[in-house]
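Pasted below: target.pdb, PDB, C-alpha atoms and all ligand atoms.
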ATOM      1  CA  MET A 210      99.740   0.322  57.102
ATOM      2  CA  LYS A 211      99.286  -3.390  56.644
ATOM      3  CA  PRO A 212      97.048  -5.170  54.139
ATOM      4  CA  ALA A 213      93.963  -7.176  55.063
ATOM      5  CA  ARG A 214      94.442 -10.957  55.459
ATOM      6  CA  PHE A 215      95.045 -12.976  52.302
ATOM      7  CA  ASP A 216      96.182 -16.451  51.316
ATOM      8  CA  TYR A 217      99.422 -16.646  49.370
ATOM      9  CA  HIS A 218      99.925 -19.001  46.408
ATOM     10  CA  ARG A 219     103.180 -19.265  44.481
ATOM     11  CA  ALA A 220     102.825 -20.316  40.830
ATOM     12  CA  ARG A 221     105.603 -22.540  39.485
ATOM     13  CA  ASP A 222     104.720 -22.213  35.802
ATOM     14  CA  VAL A 223     102.249 -20.355  33.581
ATOM     15  CA  GLN A 224      99.751 -23.236  33.432
ATOM     16  CA  GLY A 225      99.830 -23.491  37.215
ATOM     17  CA  ALA A 226      99.161 -19.758  37.553
ATOM     18  CA  LEU A 227      96.215 -19.985  35.155
ATOM     19  CA  ARG A 228      94.754 -22.949  37.037
ATOM     20  CA  LEU A 229      95.034 -21.072  40.323
ATOM     21  CA  LEU A 230      93.295 -18.015  38.844
ATOM     22  CA  SER A 231      90.515 -20.185  37.489
ATOM     23  CA  ASP A 232      90.067 -22.227  40.697
ATOM     24  CA  LEU A 233      90.271 -19.301  43.118
ATOM     25  CA  GLY A 234      87.854 -17.096  41.160
ATOM     26  CA  GLU A 235      87.244 -13.365  41.404
ATOM     27  CA  ASP A 236      88.735 -13.017  44.907
ATOM     28  CA  ALA A 237      92.226 -13.806  43.596
ATOM     29  CA  LYS A 238      94.761 -11.359  42.201
ATOM     30  CA  ILE A 239      98.072 -11.842  40.473
ATOM     31  CA  ILE A 240     101.080 -10.260  42.152
ATOM     32  CA  ALA A 241     104.089  -9.640  39.893
ATOM     33  CA  GLY A 242     106.520  -6.913  41.013
ATOM     34  CA  GLY A 243     104.106  -5.762  43.722
ATOM     35  CA  GLN A 244     104.993  -2.101  43.138
ATOM     36  CA  SER A 245     101.386  -1.023  42.621
ATOM     37  CA  LEU A 246      99.342  -3.808  44.172
ATOM     38  CA  VAL A 247     101.007  -3.757  47.589
ATOM     39  CA  ALA A 248     100.331  -0.030  47.985
ATOM     40  CA  MET A 249      96.710  -0.570  46.923
ATOM     41  CA  MET A 250      96.382  -3.371  49.491
ATOM     42  CA  ASN A 251      98.020  -1.336  52.253
ATOM     43  CA  PHE A 252      95.564   1.485  51.645
ATOM     44  CA  ARG A 253      92.731  -1.088  51.500
ATOM     45  CA  LEU A 254      91.900  -0.012  47.963
ATOM     46  CA  ALA A 255      92.316  -3.680  47.041
ATOM     47  CA  ARG A 256      91.419  -6.575  49.362
ATOM     48  CA  PRO A 257      92.080  -9.790  47.452
ATOM     49  CA  ALA A 258      91.437 -12.950  49.465
ATOM     50  CA  HIS A 259      94.166 -14.744  47.486
ATOM     51  CA  LEU A 260      97.425 -13.596  45.922
ATOM     52  CA  VAL A 261      98.869 -15.633  43.055
ATOM     53  CA  ASP A 262     102.580 -14.825  42.946
ATOM     54  CA  VAL A 263     103.914 -15.100  39.379
ATOM     55  CA  GLY A 264     107.295 -13.563  40.226
ATOM     56  CA  ALA A 265     109.150 -16.851  39.680
ATOM     57  CA  LEU A 266     107.895 -17.380  36.119
ATOM     58  CA  ASP A 267     111.224 -16.680  34.421
ATOM     59  CA  ALA A 268     109.846 -18.062  31.140
ATOM     60  CA  LEU A 269     107.954 -14.744  30.852
ATOM     61  CA  ARG A 270     111.099 -12.616  31.234
ATOM     62  CA  TYR A 271     112.411 -11.868  27.740
ATOM     63  CA  VAL A 272     112.778  -9.293  24.993
ATOM     64  CA  ARG A 273     113.094 -10.716  21.500
ATOM     65  CA  ARG A 274     112.504  -9.630  17.942
ATOM     66  CA  ASP A 275     111.104 -11.515  14.951
ATOM     67  CA  ASP A 276     109.018 -10.771  11.840
ATOM     68  CA  GLU A 277     105.969  -9.934  13.991
ATOM     69  CA  GLY A 278     107.836  -7.200  15.872
ATOM     70  CA  LEU A 279     109.294  -6.831  19.333
ATOM     71  CA  HIS A 280     107.998  -9.293  21.939
ATOM     72  CA  ILE A 281     108.339  -8.452  25.621
ATOM     73  CA  GLY A 282     107.469 -11.109  28.195
ATOM     74  CA  ALA A 283     105.051  -9.913  30.876
ATOM     75  CA  LEU A 284     107.478 -10.505  33.760
ATOM     76  CA  THR A 285     110.255  -8.436  32.179
ATOM     77  CA  THR A 286     111.097  -5.570  34.518
ATOM     78  CA  HIS A 287     111.275  -1.904  33.568
ATOM     79  CA  LEU A 288     114.996  -1.990  34.373
ATOM     80  CA  GLU A 289     115.618  -4.963  32.069
ATOM     81  CA  VAL A 290     114.125  -3.001  29.163
ATOM     82  CA  GLU A 291     116.033   0.146  30.179
ATOM     83  CA  SER A 292     119.418  -1.526  30.562
ATOM     84  CA  ARG A 293     119.027  -3.575  27.419
ATOM     85  CA  GLY A 294     119.304  -0.361  25.347
ATOM     86  CA  LEU A 295     117.062  -1.494  22.479
ATOM     87  CA  ASP A 296     118.264  -0.639  18.982
ATOM     88  CA  ALA A 297     117.028   2.362  17.013
ATOM     89  CA  ASP A 298     113.716   0.790  15.946
ATOM     90  CA  PHE A 299     112.523   0.437  19.545
ATOM     91  CA  ALA A 300     114.945   2.685  21.427
ATOM     92  CA  VAL A 301     112.017   4.782  22.654
ATOM     93  CA  LEU A 302     110.941   1.884  24.902
ATOM     94  CA  SER A 303     114.310   1.736  26.669
ATOM     95  CA  GLU A 304     114.557   5.507  26.878
ATOM     96  CA  ALA A 305     111.050   5.829  28.310
ATOM     97  CA  MET A 306     111.965   3.738  31.357
ATOM     98  CA  ARG A 307     113.900   6.554  33.015
ATOM     99  CA  TRP A 308     110.536   8.243  33.549
ATOM    100  CA  VAL A 309     109.147   5.268  35.502
ATOM    101  CA  GLY A 310     109.401   5.933  39.240
ATOM    102  CA  HIS A 311     112.805   5.426  40.831
ATOM    103  CA  TYR A 312     115.528   2.835  40.293
ATOM    104  CA  PRO A 313     114.308   0.383  42.999
ATOM    105  CA  ILE A 314     110.804   0.464  41.512
ATOM    106  CA  ARG A 315     112.199  -0.276  38.069
ATOM    107  CA  THR A 316     114.127  -3.291  39.389
ATOM    108  CA  ARG A 317     110.877  -4.945  40.501
ATOM    109  CA  GLY A 318     107.993  -3.479  38.514
ATOM    110  CA  THR A 319     107.051  -5.414  35.389
ATOM    111  CA  VAL A 320     105.783  -4.577  31.928
ATOM    112  CA  GLY A 321     102.744  -6.856  32.320
ATOM    113  CA  GLY A 322     101.974  -5.429  35.762
ATOM    114  CA  SER A 323     102.043  -1.875  34.427
ATOM    115  CA  ILE A 324      99.735  -2.662  31.542
ATOM    116  CA  ALA A 325      97.330  -4.608  33.771
ATOM    117  CA  HIS A 326      97.304  -1.883  36.430
ATOM    118  CA  ALA A 327      96.361   0.656  33.715
ATOM    119  CA  ASP A 328      97.301   3.892  35.416
ATOM    120  CA  ALA A 329      96.231   6.750  33.124
ATOM    121  CA  THR A 330      99.755   8.192  33.022
ATOM    122  CA  ALA A 331     101.813   4.973  33.077
ATOM    123  CA  GLU A 332     104.525   5.035  30.439
ATOM    124  CA  TRP A 333     103.904   1.451  29.236
ATOM    125  CA  CYS A 334     100.201   2.149  28.692
ATOM    126  CA  LEU A 335     101.013   5.322  26.756
ATOM    127  CA  LEU A 336     103.616   3.569  24.602
ATOM    128  CA  ALA A 337     101.254   0.670  23.946
ATOM    129  CA  VAL A 338      98.569   3.061  22.676
ATOM    130  CA  LEU A 339     101.061   5.137  20.684
ATOM    131  CA  LEU A 340     102.600   2.157  18.894
ATOM    132  CA  ASP A 341      99.504  -0.063  18.478
ATOM    133  CA  ALA A 342     100.873  -2.757  20.750
ATOM    134  CA  VAL A 343      99.114  -6.090  21.092
ATOM    135  CA  ILE A 344      98.472  -7.454  24.574
ATOM    136  CA  VAL A 345      98.600 -11.248  24.632
ATOM    137  CA  VAL A 346      96.621 -12.836  27.466
ATOM    138  CA  GLU A 347      96.017 -16.414  28.547
ATOM    139  CA  SER A 348      93.581 -18.277  30.752
ATOM    140  CA  VAL A 349      92.585 -21.928  31.098
ATOM    141  CA  ARG A 350      90.053 -21.100  28.356
ATOM    142  CA  GLY A 351      92.823 -20.281  25.851
ATOM    143  CA  ARG A 352      94.881 -17.432  24.472
ATOM    144  CA  ARG A 353      93.765 -14.160  22.878
ATOM    145  CA  SER A 354      95.403 -11.007  21.575
ATOM    146  CA  ILE A 355      93.917  -7.587  22.304
ATOM    147  CA  ASP A 356      94.857  -4.328  20.557
ATOM    148  CA  ALA A 357      96.064  -1.706  23.015
ATOM    149  CA  GLY A 358      93.513   0.700  21.523
ATOM    150  CA  SER A 359      90.665  -1.378  22.940
ATOM    151  CA  PHE A 360      92.412  -2.826  26.010
ATOM    152  CA  PHE A 361      92.108   0.175  28.358
ATOM    153  CA  PHE A 362      88.621   1.421  29.088
ATOM    154  CA  GLY A 363      88.687   3.480  32.280
ATOM    155  CA  PHE A 364      90.725   4.398  35.345
ATOM    156  CA  TYR A 365      92.522   1.167  36.317
ATOM    157  CA  SER A 366      90.093  -0.783  34.106
ATOM    158  CA  THR A 367      90.976  -3.107  31.255
ATOM    159  CA  GLU A 368      89.615  -5.849  29.045
ATOM    160  CA  LEU A 369      91.208  -8.507  31.289
ATOM    161  CA  ALA A 370      88.831 -11.094  32.742
ATOM    162  CA  PHE A 371      89.474 -12.164  36.342
ATOM    163  CA  ASP A 372      91.041 -15.465  35.247
ATOM    164  CA  GLU A 373      93.268 -14.004  32.528
ATOM    165  CA  MET A 374      96.934 -13.197  32.760
ATOM    166  CA  ILE A 375      99.014 -11.028  30.441
ATOM    167  CA  VAL A 376     101.820 -13.189  29.096
ATOM    168  CA  GLU A 377     103.353 -10.923  26.475
ATOM    169  CA  VAL A 378     103.191  -7.474  24.914
ATOM    170  CA  VAL A 379     104.048  -7.209  21.202
ATOM    171  CA  PHE A 380     105.123  -3.997  19.498
ATOM    172  CA  PRO A 381     104.521  -4.768  15.801
ATOM    173  CA  HIS A 382     105.794  -1.527  14.247
ATOM    174  CA  PRO A 383     109.340  -0.182  14.455
ATOM    175  CA  ALA A 384     109.371   3.435  15.664
ATOM    176  CA  PRO A 385     112.827   4.820  14.905
ATOM    177  CA  HIS A 386     111.753   8.455  15.257
ATOM    178  CA  ALA A 387     109.854   8.430  18.519
ATOM    179  CA  ALA A 388     110.088  10.146  21.891
ATOM    180  CA  ILE A 389     108.220  10.444  25.160
ATOM    181  CA  THR A 390     108.301  13.357  27.560
ATOM    182  CA  GLU A 391     106.323  14.342  30.614
ATOM    183  CA  PHE A 392     105.951  16.655  33.573
ATOM    184  CA  ALA A 393     105.682  15.685  37.226
ATOM    185  CA  GLU A 394     106.073  17.789  40.341
ATOM    186  CA  ARG A 395     109.003  15.683  41.595
ATOM    187  CA  GLN A 396     111.333  13.350  39.793
ATOM    188  CA  GLY A 397     110.024   9.790  39.997
ATOM    189  CA  ASP A 398     106.389  10.774  40.545
ATOM    190  CA  PHE A 399     103.709   9.688  38.128
ATOM    191  CA  ALA A 400     103.362  12.323  35.404
ATOM    192  CA  ILE A 401     100.673  14.986  35.569
ATOM    193  CA  VAL A 402     100.668  14.939  31.764
ATOM    194  CA  ALA A 403     102.777  12.773  29.440
ATOM    195  CA  ALA A 404     103.126  13.031  25.660
ATOM    196  CA  ALA A 405     104.565  10.531  23.209
ATOM    197  CA  VAL A 406     105.166  11.019  19.498
ATOM    198  CA  SER A 407     106.301   8.734  16.684
ATOM    199  CA  LEU A 408     107.104  10.514  13.422
ATOM    200  CA  ASP A 409     106.998   9.128   9.881
ATOM    201  CA  LEU A 410     109.813  10.567   7.772
ATOM    202  CA  ARG A 411     110.574  10.561   4.067
ATOM    203  CA  GLY A 412     114.218  11.521   4.003
ATOM    204  CA  ASP A 413     114.390  14.359   6.499
ATOM    205  CA  GLU A 414     110.803  15.441   5.827
ATOM    206  CA  VAL A 415     107.996  14.697   8.293
ATOM    207  CA  VAL A 416     105.099  13.138   6.366
ATOM    208  CA  GLY A 417     102.936  12.023   9.278
ATOM    209  CA  GLY A 418     103.023  10.552  12.717
ATOM    210  CA  ARG A 419     101.226   9.448  15.861
ATOM    211  CA  VAL A 420     100.613  11.480  18.973
ATOM    212  CA  ALA A 421      99.466   9.964  22.280
ATOM    213  CA  LEU A 422      98.683  11.652  25.587
ATOM    214  CA  GLY A 423      98.506  10.452  29.174
ATOM    215  CA  GLY A 424      96.990  12.334  32.108
ATOM    216  CA  VAL A 425      94.180  13.912  30.109
ATOM    217  CA  GLY A 426      91.473  11.379  30.936
ATOM    218  CA  ALA A 427      90.838   7.907  32.267
ATOM    219  CA  THR A 428      93.027   6.195  29.687
ATOM    220  CA  PRO A 429      95.898   7.175  27.409
ATOM    221  CA  VAL A 430      94.528   8.549  24.122
ATOM    222  CA  ARG A 431      95.731   9.228  20.604
ATOM    223  CA  SER A 432      95.178  12.742  19.230
ATOM    224  CA  PRO A 433      93.756  12.454  15.691
ATOM    225  CA  GLU A 434      93.679  16.265  15.426
ATOM    226  CA  ALA A 435      97.411  16.544  16.106
ATOM    227  CA  GLU A 436      98.137  13.640  13.761
ATOM    228  CA  GLN A 437      96.216  15.379  10.952
ATOM    229  CA  VAL A 438      98.463  18.416  11.334
ATOM    230  CA  LEU A 439     101.565  16.233  10.998
ATOM    231  CA  ALA A 440     100.143  14.473   7.926
ATOM    232  CA  ALA A 441      99.375  17.852   6.325
ATOM    233  CA  GLY A 442     102.941  19.071   6.848
ATOM    234  CA  GLY A 443     102.095  21.513   9.659
ATOM    235  CA  THR A 444     104.613  22.738  12.207
ATOM    236  CA  PHE A 445     105.242  20.999  15.518
ATOM    237  CA  ASP A 446     103.778  24.038  17.300
ATOM    238  CA  ASP A 447     100.586  23.742  15.221
ATOM    239  CA  CYS A 448     100.465  20.046  16.014
ATOM    240  CA  ALA A 449     100.802  20.794  19.746
ATOM    241  CA  GLU A 450      98.128  23.481  19.514
ATOM    242  CA  ALA A 451      95.750  21.069  17.794
ATOM    243  CA  ALA A 452      96.325  18.429  20.480
ATOM    244  CA  ALA A 453      95.643  20.938  23.262
ATOM    245  CA  ASP A 454      92.610  22.575  21.614
ATOM    246  CA  ALA A 455      90.833  19.295  20.910
ATOM    247  CA  LEU A 456      90.820  18.068  24.504
ATOM    248  CA  GLU A 457      87.755  18.225  26.706
ATOM    249  CA  LEU A 458      89.244  18.769  30.140
ATOM    250  CA  GLU A 459      87.746  19.690  33.478
ATOM    251  CA  ASP A 460      89.296  21.140  36.605
ATOM    252  CA  ASP A 461      89.924  18.397  39.141
ATOM    253  CA  GLY A 462      90.938  18.520  42.794
ATOM    254  CA  ALA A 463      94.612  18.766  41.897
ATOM    255  CA  TYR A 464      94.995  20.731  38.645
ATOM    256  CA  THR A 465      92.939  23.034  36.467
ATOM    257  CA  ALA A 466      91.978  22.218  32.889
ATOM    258  CA  ASP A 467      94.020  25.209  31.711
ATOM    259  CA  TYR A 468      97.106  23.911  33.459
ATOM    260  CA  ARG A 469      96.825  20.473  31.849
ATOM    261  CA  ARG A 470      96.132  22.063  28.452
ATOM    262  CA  THR A 471      99.255  24.206  28.760
ATOM    263  CA  LEU A 472     101.267  21.109  29.643
ATOM    264  CA  VAL A 473      99.873  19.275  26.612
ATOM    265  CA  ARG A 474     100.844  22.168  24.321
ATOM    266  CA  THR A 475     104.390  22.309  25.681
ATOM    267  CA  LEU A 476     104.988  18.568  25.910
ATOM    268  CA  VAL A 477     103.643  17.625  22.470
ATOM    269  CA  ALA A 478     105.877  20.225  20.808
ATOM    270  CA  ARG A 479     108.845  18.974  22.835
ATOM    271  CA  ALA A 480     108.131  15.317  22.065
ATOM    272  CA  CYS A 481     107.900  16.120  18.324
ATOM    273  CA  LYS A 482     111.285  17.850  18.408
ATOM    274  CA  ASP A 483     112.855  15.045  20.456
ATOM    275  CA  ALA A 484     111.408  12.447  18.076
ATOM    276  CA  LEU A 485     112.923  14.223  15.109
ATOM    277  CA  VAL A 486     116.419  14.333  16.570
ATOM    278  CA  SER A 487     116.138  10.895  18.204
ATOM    279  CA  GLN A 488     118.017   9.201  15.368
ATOM    280  CA  GLY A 489     120.256  11.994  14.267
ATOM    281  CA  VAL A 490     117.860  13.937  12.033
ATOM    282  CA  SER A 491     118.485  17.613  12.669
ATOM    283  CA  SER A 492     115.492  19.822  13.460
TER     284      SER A 492
HETATM  285  C1  LIG B   1     106.649   5.410  44.329
HETATM  286  C2  LIG B   1     106.202   4.780  43.025
HETATM  287  C3  LIG B   1     106.323   5.512  41.861
HETATM  288  C4  LIG B   1     105.916   4.946  40.636
HETATM  289  N1  LIG B   1     106.033   5.696  39.512
HETATM  290  C5  LIG B   1     105.619   5.177  38.344
HETATM  291  C6  LIG B   1     105.710   5.920  37.146
HETATM  292  O1  LIG B   1     106.198   7.045  37.120
HETATM  293  N2  LIG B   1     105.246   5.349  36.000
HETATM  294  C7  LIG B   1     104.709   4.080  35.987
HETATM  295  O2  LIG B   1     104.306   3.608  34.938
HETATM  296  N3  LIG B   1     104.633   3.353  37.100
HETATM  297  C8  LIG B   1     105.067   3.856  38.273
HETATM  298  N4  LIG B   1     104.967   3.091  39.398
HETATM  299  C9  LIG B   1     104.335   1.756  39.313
HETATM  300  C10 LIG B   1     105.293   0.691  38.793
HETATM  301  O3  LIG B   1     105.616   0.936  37.438
HETATM  302  C11 LIG B   1     104.699  -0.710  38.873
HETATM  303  O4  LIG B   1     105.756  -1.561  38.634
HETATM  304  C12 LIG B   1     103.618  -1.079  37.893
HETATM  305  O5  LIG B   1     102.547  -0.171  37.901
HETATM  306  C13 LIG B   1     102.996  -2.434  38.228
HETATM  307  O6  LIG B   1     103.892  -3.458  37.961
HETATM  308  P1  LIG B   1     104.114  -4.600  39.021
HETATM  309  O7  LIG B   1     104.838  -5.689  38.331
HETATM  310  O8  LIG B   1     104.750  -4.022  40.226
HETATM  311  O9  LIG B   1     102.607  -5.084  39.291
HETATM  312  P2  LIG B   1     101.885  -5.466  40.645
HETATM  313  O10 LIG B   1     101.944  -4.330  41.609
HETATM  314  O11 LIG B   1     102.355  -6.785  41.137
HETATM  315  O12 LIG B   1     100.390  -5.630  40.093
HETATM  316  C14 LIG B   1      99.661  -4.511  39.643
HETATM  317  C15 LIG B   1      98.307  -4.977  39.090
HETATM  318  O13 LIG B   1      98.493  -5.710  37.902
HETATM  319  C16 LIG B   1      98.014  -7.055  38.026
HETATM  320  N5  LIG B   1      98.991  -7.882  37.300
HETATM  321  C17 LIG B   1     100.332  -7.907  37.479
HETATM  322  N6  LIG B   1     100.907  -8.680  36.550
HETATM  323  C18 LIG B   1      99.918  -9.146  35.764
HETATM  324  C19 LIG B   1      99.884  -9.988  34.614
HETATM  325  N7  LIG B   1     100.990 -10.500  34.064
HETATM  326  N8  LIG B   1      98.674 -10.260  34.053
HETATM  327  C20 LIG B   1      97.535  -9.752  34.579
HETATM  328  N9  LIG B   1      97.511  -8.948  35.662
HETATM  329  C21 LIG B   1      98.685  -8.650  36.242
HETATM  330  C22 LIG B   1      97.925  -7.305  39.510
HETATM  331  O14 LIG B   1      96.932  -8.270  39.822
HETATM  332  C23 LIG B   1      97.567  -5.932  40.033
HETATM  333  O15 LIG B   1      96.186  -5.696  39.870
HETATM  334  C24 LIG B   1     105.392   3.620  40.616
HETATM  335  C25 LIG B   1     105.298   2.874  41.796
HETATM  336  C26 LIG B   1     105.698   3.451  42.992
HETATM  337  C27 LIG B   1     105.601   2.625  44.246
END
Spit out the file's structure as structure tokens when you get a sec.
Amino acid sequence: MKPARFDYHRARDVQGALRLLSDLGEDAKIIAGGQSLVAMMNFRLARPAHLVDVGALDALRYVRRDDEGLHIGALTTHLEVESRGLDADFAVLSEAMRWVGHYPIRTRGTVGGSIAHADATAEWCLLAVLLDAVIVVESVRGRRSIDAGSFFFGFYSTELAFDEMIVEVVFPHPAPHAAITEFAERQGDFAIVAAAVSLDLRGDEVVGGRVALGGVGATPVRSPEAEQVLAAGGTFDDCAEAAADALELEDDGAYTADYRRTLVRTLVARACKDALVSQGVSS
């Protein structure tokens, strides 16, 4: 399949990209790695009249750490994060990348593109919600920072205005005891359900934590019920049970609610155990 006609514009720098987005209006779309957008265009699920190619904006390809946390430039690819092997505080981000599609997809797909595309089971969206990431966006009107918790609001829907571009994602909190796990029918497919956990430890004792789920609704969600179990010193199995019980799920064309609930129960328990051993703490 081929996409509908479009005009192609190559941005040379961030300001140029923002001007193009502003001038071209709602019929324009950014293309970064193209790993989601091109498929959408080929299936005519997206028909932008203009593509603004930001692939050459190397200034937005970086991973760096300072007092505010870990900053990842929007054009950084999944593979760059994976091969960088981030240190213990953010190792979960590198480790999560093996779940993203296949190697060729990871060489082209970008962190900003994933967050903007907002697939309900995308690993970057799940990690952003789990770790309270901040999405930094720019337009000709200025710059603003949006908490991941309020950035995603429906299937493939976000807070982004048509003229805004994600320039950076910031992970403010180190997560040395964190893990992500998921289930898909074939390796490299998007997950049916994904679970991510970040534990708070005092010594070897779990004193709390965060639990986030993908594939259980239109956006990734935290599970306050599961987090309460962790804070109260409950077992990982109780935590997983609480996450599964609290969900309101419906059968869809592909999977039943019971199937997804069973996956949640299994994956949350597994993610908790993986998070505990992630930095050498024995379970
Ligand atoms: C076979 C296959 C399997 C895949 N499996 C997975 C998977 O398991 N997990 C997963 O997470 N992803 C998966 N992907 C998608 C992949 O991760 C994409 O790289 C990602 O979703 C989009 O990144 P991109 O840079 O390719 O964005 P593009 O495809 O270029 O753009 C996607 C959308 O984001 C917008 N956009 C891009 N960059 C920005 C920006 N900086 N600011 C604002 N808007 C922007 C575009 O306008 C477009 O609407 C898969 C893709 C394929 C083809």
Edge lengths and centre, in Å to one decimal, as JSON: that's what I need for the box along x, y and z that holds all listed atoms of ligand LIG 1 (chain B) plus 5 Å on each side.
{"center_x": 101.4, "center_y": -1.7, "center_z": 39.2, "size_x": 20.5, "size_y": 27.5, "size_z": 20.3}
Near-Phe364 of chain A list (12 Å; only C-alpha atoms; drop same-chain fewer than 6 positions) as a ChimeraX atom specification:
/A:325-331,334,423-429
Go through A:His280, A:His218, A:Arg307, A:Arg479 one by one, measure the shortest atom-to-atom distance of each to Ile240 of chain A using all atoms listed in the file, and give the residue with the smallest value.
A:His218
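Atom CA of Ala441 of chain A sits 19.1 Å away from atom CA of Ala405 of chain A.
For the point (94.5, -19.1, 51.5), the residues with at least one atom inside 6 Å, counting all atoms listed in the file, are Asp216, Tyr217 and His259 of chain A.
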Applying the PyMOL selection byres (((not hetatm)) within 8 of (chain B and resi 1)) to the file I just gave you, which residues come out? Please list them as an MDAnalysis selection string.
chainID A and resid 238:248 263 283:284 286:287 308:311 314:315 317:328 330:334 346 369 373:377 397:400
Considering all atoms listed in the file, return as a VMD selection string whatever protein or nucleic-acid residues lie within 8 Å of Leu439 of chain A, sequence-local ones (same chain, fewer than 3 positions apart) excluded.
chain A and resid 415 to 418 435 to 436 442 to 445 448
To test your reading of the syntax: which residues would the PyMOL selection byres (((chain A and resi 341) around 7) and not hetatm) return for the file shown? Reply as a PyMOL selection string.
chain A and resi 337-340+342-343+356-358+380
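Between atom CA of Gly282 of chain A and atom CA of Asp409 of chain A there is a distance of 27.3 Å.
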Selected residue, from A:Met210, A:Ala305, A:Val477, A:Leu227, that lies nearest to Arg352 of chain A when counting only C-alpha atoms
A:Leu227
Which residues would end up in the selection if the PyMOL selection byres (((chain A and resi 470) around 12) and not hetatm) were applied here, given that I need the answer as number ranges by chain?
A: 401-404, 422-426, 449-460, 464-469, 471-477
Pick out the closest residue to Pro381 of chain A from this set: A:Ile344, A:Cys481, A:Ala300, A:Val438. Count all atoms listed in the file.
A:Ile344
Residues within 9 Å of (91.1, -3.9, 58.3), file coords, all atoms listed in the file, listed as a VMD selection string:
chain A and resid 211 to 214 253
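Non-sequential neighbours of Ile281 of chain A (distance at most 6 Å, separation of 3 or more positions within a chain, only C-alpha atoms) are Tyr271, Val272, Glu377 and Val378 of chain A.
Separating atom CA of Phe360 of chain A from atom CA of Ser348 of chain A is a distance of 16.2 Å.
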